[in-house]
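Visitor: Dumping the structure here so I can ask a few things about it.
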Amino acid sequence: MSDLAIAPAPRGIPARMLVRGTIIGAIGLLSLLPILNQLPEGNVLRISDFTIAVTGKWICYAVLALAIDLAWGYAGILSLGHGAFFALGGYAMGMHLMRLIGPRGVYGHPVLPDFMVFLGYRELPWYWLGFDHFSYAVLMAMLVPGALAFLVGWLSFRSRITGVYFSIITQAMTYALMLAFFRNDMGFGGNNGFTDFKELLGLPLNTQGARAGLFYAALALLAGSLLLCRHIVGTKLGRVLVAVRDAESRVRFLGYSVTAFKLFVFTLSAVLAGLAGALYVPLVGIINPGEFAPGNSIEAVIWVAVGGRGTLVGAIIGAFSVNAVKTWLTSFAPDLWLFVLGGLFVAVTLFLPRGLVGLFQGRTK
Amino acid sequence: MGQPAAHHIMARLILLLMLLLAFLAPASAQDAYLEALPGLAGGFGTQAEAVERLGASGDARALPVLRALSEGQLRKRDVTIILPGGADAATGQPADATGAETVRINNRVRAALRGALGRLQLVSANPDERLAAADSVFRSRSAENIAPLEAAIARETIARVRERQELALAASRLVAPDAQAKHQGIATLGSASSDEARALLLEARAANPELAPEIDGAVSAIDARLTFKRAGETLFQGLSLGSVLLLAALGLAITFGVMGVINMAHGEFVMLGAYTTFVVQEACRGIPWLLPWSLPLSVPAAFLVAGLAGALLERGLIRHLYGRPLETLLMTFGVGMILQQAVRLAFGAQNREVLSPAWMQGTLALPGGINITQNRLWVVVFSLLVLALTFAAIRLTRFGLEMRAVVQNRRTAATMGIRTGRVDALTFAFGSGLAGMAGVALSQIDNVSPNLGTGYIIDSFMVVVFGGVGSLIGTLVGAMGLGVLNKVIEPWAGAVLAKVAVLVLIMLFIQRRPRGLFALKGRAAEA
């Protein structure tokens, strides 16, 4: 692990300006997409609804990748269960969206979602209370993943479970959650999950306006998360995290509470993942227990590895590029996609340990 | 004159005796059949009466007649009853069927038929039919069944069927009017060990409050046996699941526990082993005498296939990532993905069927009513054998010695002339081969599909972590402990929540023993 650079060591100001400029430029370009979506049908510059939806999805993935990079790239905590935090955030928002369907469901029940009527519920379970408020749902989308991460992290870090052991435990965690959410009697819709959402904040979801709104919200979340993460890694806190990554015992012996630092960054990372999930669900219009599949979490890790870990920007680049290839390949040669993804795991770890960003850094050096 | 008179009297006496004998001997039962038979050709009332009599006759010949009647296949010509095959039901000889008409029945006759058929099947020539009849009589609970059941039990030769008949008899006696029969019934049911017997007794308790103390005694005797039986079966199911985990985890105990290489493709090696079993079976189809032995043949084949794959993976890829466990994890996960997709493309995504040889099928009844499926028992035996072999390979062979030397001190081992690279490759191949053998066992109790391994990989890692990294005994105890724990929690939490609960318990357990049950001590512990 120690063979990786702490951060893109900038050679003078231009490199730093370059990174900043690229980020601002990219975000500016992305923010143009919904405007181009407004253009009339047939215009060369028009962006299709599909592109908006897909790009919005990728932006949420990028936030998830950013969260993973903060924990893995800087503090050396490789979580194979971040998909669980993402899905929990998604479920929190999904519950809100289900409550907003109101009497418009198939069974027309004034309060209960369709699946509860179907399963013979008489009233809302207690843990569904409050989800009719948007702000409560957003709070839960942060609080639930955060609390879970805190609990798992606290149990693990205090007994010095590190490295692959921690990875396996987080993988087991998301696996267990997947099994649990597949159950009908959990009150989360079983294997169908939630879908058929109607509106959010008073806007019908199937309109261009709502899509644009969600897109900008996701973009704002990405920009905000990136600023926050860049700020954190730039402070002394960030330096300690890197030190923990490279020589945990030494940092401990120097008198730092390694557990507290790791716990902080892991919990924060889970909260970011939860928020990403909360925006993802209204964008794609469905959430089901498949999101908890261990494969999803590990796929998100590979986005970070492909982009270049410990760079933040790399995580975003990785999320976009891998998903672009995935979207393209799954429609054009679906059998090939898993070979490519598997190959990416092998190639990146063996030949490109610093990811795509590493390629450019190598050139500037 | 006296002489002829005496002779005459003797002749009359003999005639009388013969007549008496004709009345008493079994021949009288045959007469009952023949006597009742023509009644089937009469009106509905006569028919119902004839059916009752045929049912009571206990005559095996009546069964096909009544069955044909209930299926609307019986024909009549005047008073001759003709079976579907064209034979006269009375003589068994081919009958003249010209102008024969189908025998019609109404609901009253149908009701009589049901009871009569149930009783007659008790004497059917087919043991399975007799068993089913005993069970249906058991459920019908009528005192009228007592006599036919007693007759059937006297004639029964197969112990398994007789057992069920005796239970049915006890159940019928329970509703009999006389107290003596009731006491007998309670005593017999009390010695059974089934939920049904228990329910029957409780029913009888409500109907006969005066028998409550006796019945309570019988019920608690059943409960004690049922508890024992359930405990035994839960234990076996736990050991069976544990042995599956043991097989899957043994390879990991070598590659992860001993070498410290985290191989996420381990589950896919298990899957490769299962598919090797399938391929060997298909190859054996051409040679009929070999087919029953395709499973034993698969064991070395799967070991070689998975072992070779493991050696290739270690030499080709993993070797370059030693000392970087997180990267190894990601890389091997990718390899697993590729293997899965390759198998999916080669064999299709649907499940492949691997047959169990005849000597592995069926259930084994242990004393106390504990039933054990044979193929699961074989998996337990096989897993213990593999464990013993692994232990022997590590402790008793030259290769094992070199392997331990390299693990303990790579540089010293190298200076002593051990080719550490070769040992690494062999060790990894050995661990992967063990995974392949696990695949052979899993093909017997799980679906052979491309994602077979994914279901076991997390549990296997849990076993290794729980038992203690690098300890074979720990792996054994961890696997069996987790298996039994899973099955003990399952009845009151459900299979899924049991799994969740076990994962949570392991996490809490690691709090107290971060290095597992059987932690290595000394230098190796810090590695």
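Here, A, B, ... name the chains of the structure tokens in the order displayed, residue numbers run from 1 inside each chain, and ligands are numbered from 1 in the same displayed order.
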For Leu174 (chain B), list every protein, DNA or RNA residue within 9 Å, evaluated using only C-alpha atoms, and leave out those in the same chain fewer than 4 positions away; present the list as an mmCIF file with C-alpha atoms, in the first residue's frame.
Guide:
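Written file, selection25.cif:
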```
data_model
loop_
_atom_site.group_PDB
_atom_site.id
_atom_site.type_symbol
_atom_site.label_atom_id
_atom_site.label_comp_id
_atom_site.auth_asym_id
_atom_site.auth_seq_id
_atom_site.Cartn_x
_atom_site.Cartn_y
_atom_site.Cartn_z
ATOM 1 C CA ARG B 141 -60.614 -42.789 12.657
ATOM 2 C CA SER B 142 -63.541 -45.195 12.639
ATOM 3 C CA ALA B 143 -64.138 -48.088 15.015
ATOM 4 C CA LEU B 169 -55.462 -49.942 14.616
ATOM 5 C CA ALA B 170 -54.611 -47.979 17.738
ATOM 6 C CA ALA B 179 -62.934 -49.088 27.302
ATOM 7 C CA ALA B 181 -59.927 -51.180 23.256
ATOM 8 C CA LYS B 182 -59.369 -47.564 24.232
ATOM 9 C CA HIS B 183 -56.714 -48.485 26.762
ATOM 10 C CA GLN B 184 -54.975 -50.620 24.155
ATOM 11 C CA GLY B 185 -55.143 -47.801 21.638
ATOM 12 C CA ILE B 186 -53.658 -45.271 24.047
ATOM 13 C CA LEU B 200 -55.016 -38.023 17.935
ATOM 14 C CA LEU B 201 -54.392 -38.540 21.630
ATOM 15 C CA ALA B 204 -59.347 -38.366 22.389
#
```
Visitor: Do me a favour and pick out the residues of chain A within 9 Å of chain B, using only C-alpha atoms, as a ChimeraX atom specification.
Guide: /A:1,78,152,155-156,158-161,163-165,167-169,171-173,175-177,179-180,183,298,301-302,335-336,338-350,353
Visitor: Please produce a file of the residues just selected, as a short mmCIF file (atom, residue, chain, number, x, y, z; two decimals), in the first residue's frame, where the atoms kept are C-alpha atoms.
Guide:
```cif
data_model
loop_
_atom_site.label_atom_id
_atom_site.label_comp_id
_atom_site.auth_asym_id
_atom_site.auth_seq_id
_atom_site.Cartn_x
_atom_site.Cartn_y
_atom_site.Cartn_z
CA MET A 1 0.00 0.00 0.00
CA LEU A 78 -11.43 -1.35 1.96
CA VAL A 152 -19.80 -2.09 12.31
CA LEU A 155 -16.99 -3.24 16.60
CA SER A 156 -14.26 -3.88 14.06
CA ARG A 158 -11.65 -1.33 18.32
CA SER A 159 -10.65 -4.99 18.09
CA ARG A 160 -8.14 -4.01 15.40
CA ILE A 161 -9.82 -5.93 12.62
CA GLY A 163 -7.30 -5.21 5.97
CA VAL A 164 -8.97 -8.14 4.33
CA TYR A 165 -10.68 -9.21 7.54
CA SER A 167 -13.37 -6.31 3.90
CA ILE A 168 -14.85 -9.77 4.46
CA ILE A 169 -16.92 -8.57 7.39
CA GLN A 171 -19.11 -8.13 2.57
CA ALA A 172 -20.90 -10.42 5.01
CA MET A 173 -22.82 -7.39 6.26
CA TYR A 175 -24.90 -10.15 2.15
CA ALA A 176 -26.88 -10.49 5.37
CA LEU A 177 -28.82 -7.31 4.60
CA LEU A 179 -31.02 -11.82 2.60
CA ALA A 180 -33.01 -9.84 5.14
CA ARG A 183 -37.96 -11.33 3.08
CA ILE A 298 -17.16 -4.81 -5.22
CA VAL A 301 -14.60 -0.61 -5.62
CA ILE A 302 -13.27 -1.39 -9.06
CA ASP A 335 -22.00 -11.87 -22.78
CA LEU A 336 -18.74 -9.97 -23.01
CA LEU A 338 -18.49 -9.83 -17.32
CA PHE A 339 -15.26 -10.83 -19.07
CA VAL A 340 -14.37 -7.17 -19.46
CA LEU A 341 -15.25 -6.36 -15.87
CA GLY A 342 -13.32 -9.38 -14.58
CA GLY A 343 -10.44 -8.44 -16.84
CA LEU A 344 -10.52 -4.91 -15.43
CA PHE A 345 -10.07 -6.28 -11.91
CA VAL A 346 -7.03 -8.24 -13.03
CA ALA A 347 -5.50 -5.62 -15.31
CA VAL A 348 -5.88 -2.69 -12.95
CA THR A 349 -4.41 -4.47 -9.94
CA LEU A 350 -1.53 -5.97 -11.89
CA PRO A 353 -2.11 0.14 -9.61
#
```
Visitor: So how many Å separate CA of Leu279 (chain A) and CA of Thr235 (chain A), to one decimal?
Guide: 28.5 Å
Visitor: In Å, rounded to a single decimal, give me how far CA of Leu32 (chain A) is from CA of Ser48 (chain A).
Guide: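 Interatomic distance, CA of Ser48 (chain A) to CA of Leu32 (chain A): 12.8 Å.
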Visitor: Could you pull out all residues of region 118-280 of chain A with a DSSP call of strand (DSSP E) and give them as a PyMOL selection string?
Guide: chain A and resi 194-195+199-200+203-204
Visitor: Output C-alpha atoms for every residue in that selection, as a PDB file, in the first residue's frame.
Guide:
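The result, written out as out_10.pdb:
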```
ATOM      1  CA  PHE A 194     -40.351  -0.318  -4.246  1.00  0.00           C
ATOM      2  CA  THR A 195     -41.362   1.037  -7.615  1.00  0.00           C
ATOM      3  CA  GLU A 199     -44.016  12.353  -7.423  1.00  0.00           C
ATOM      4  CA  LEU A 200     -41.400  14.025  -5.267  1.00  0.00           C
ATOM      5  CA  LEU A 203     -43.422  17.365  -8.910  1.00  0.00           C
ATOM      6  CA  PRO A 204     -44.601  14.391 -10.995  1.00  0.00           C
TER       7      PRO A 204
END
```
Visitor: As JSON, numbers by chain, please: the residues near Leu131 (chain B) (cut-off 8 Å, only C-alpha atoms, same-chain neighbours under 4 positions excluded).
Guide: {"B": [122, 127, 135, 161, 164, 165]}
Visitor: Could you save the residues just selected, with C-alpha atoms, as a compact mmCIF listing (two decimals), in the first residue's frame?
Guide:
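What landed in out.txt:
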```txt
# COMPACT_ATOMS: atom_id res chain seq x y z
CA LEU B 122 -55.24 -53.13 3.45
CA PRO B 127 -47.02 -53.17 -0.15
CA ASP B 135 -52.30 -44.22 6.59
CA VAL B 161 -46.28 -51.75 6.76
CA ARG B 164 -48.28 -48.29 10.22
CA GLN B 165 -51.19 -50.72 10.41
```
Visitor: Can you pull out the residues contacting Leu434 (chain B)? Cut-off 9 Å, using only C-alpha atoms, and skip same-chain residues under 3 positions away; I want them as a PDB file with C-alpha atoms, in the first residue's frame.
Guide:
```
ATOM      1  CA  LEU B 247     -15.158 -28.927   2.627  1.00  0.00           C
ATOM      2  CA  ALA B 248     -15.489 -25.447   1.181  1.00  0.00           C
ATOM      3  CA  ALA B 249     -13.367 -23.919   3.955  1.00  0.00           C
ATOM      4  CA  LEU B 250     -10.564 -26.501   4.042  1.00  0.00           C
ATOM      5  CA  GLY B 251      -9.090 -25.205   0.825  1.00  0.00           C
ATOM      6  CA  LEU B 252      -9.359 -21.683   2.174  1.00  0.00           C
ATOM      7  CA  PHE B 269     -12.965 -23.485  -7.945  1.00  0.00           C
ATOM      8  CA  VAL B 270     -15.700 -25.266  -6.003  1.00  0.00           C
ATOM      9  CA  ALA B 302     -12.093 -32.453  -9.759  1.00  0.00           C
ATOM     10  CA  PHE B 303      -8.990 -32.252  -7.571  1.00  0.00           C
ATOM     11  CA  ALA B 306      -9.287 -27.201  -9.742  1.00  0.00           C
ATOM     12  CA  GLY B 307      -5.700 -27.772  -8.628  1.00  0.00           C
ATOM     13  CA  VAL B 386     -10.747 -35.080   3.181  1.00  0.00           C
ATOM     14  CA  THR B 390      -5.271 -32.824   4.387  1.00  0.00           C
ATOM     15  CA  ALA B 429      -2.816 -25.880  -6.128  1.00  0.00           C
ATOM     16  CA  PHE B 430      -3.466 -28.162  -3.159  1.00  0.00           C
ATOM     17  CA  GLY B 431      -5.862 -25.691  -1.549  1.00  0.00           C
ATOM     18  CA  MET B 437     -13.328 -31.893  -4.180  1.00  0.00           C
ATOM     19  CA  ALA B 438     -15.821 -29.803  -2.226  1.00  0.00           C
ATOM     20  CA  GLY B 439     -17.532 -29.214  -5.566  1.00  0.00           C
TER      21      GLY B 439
END
```
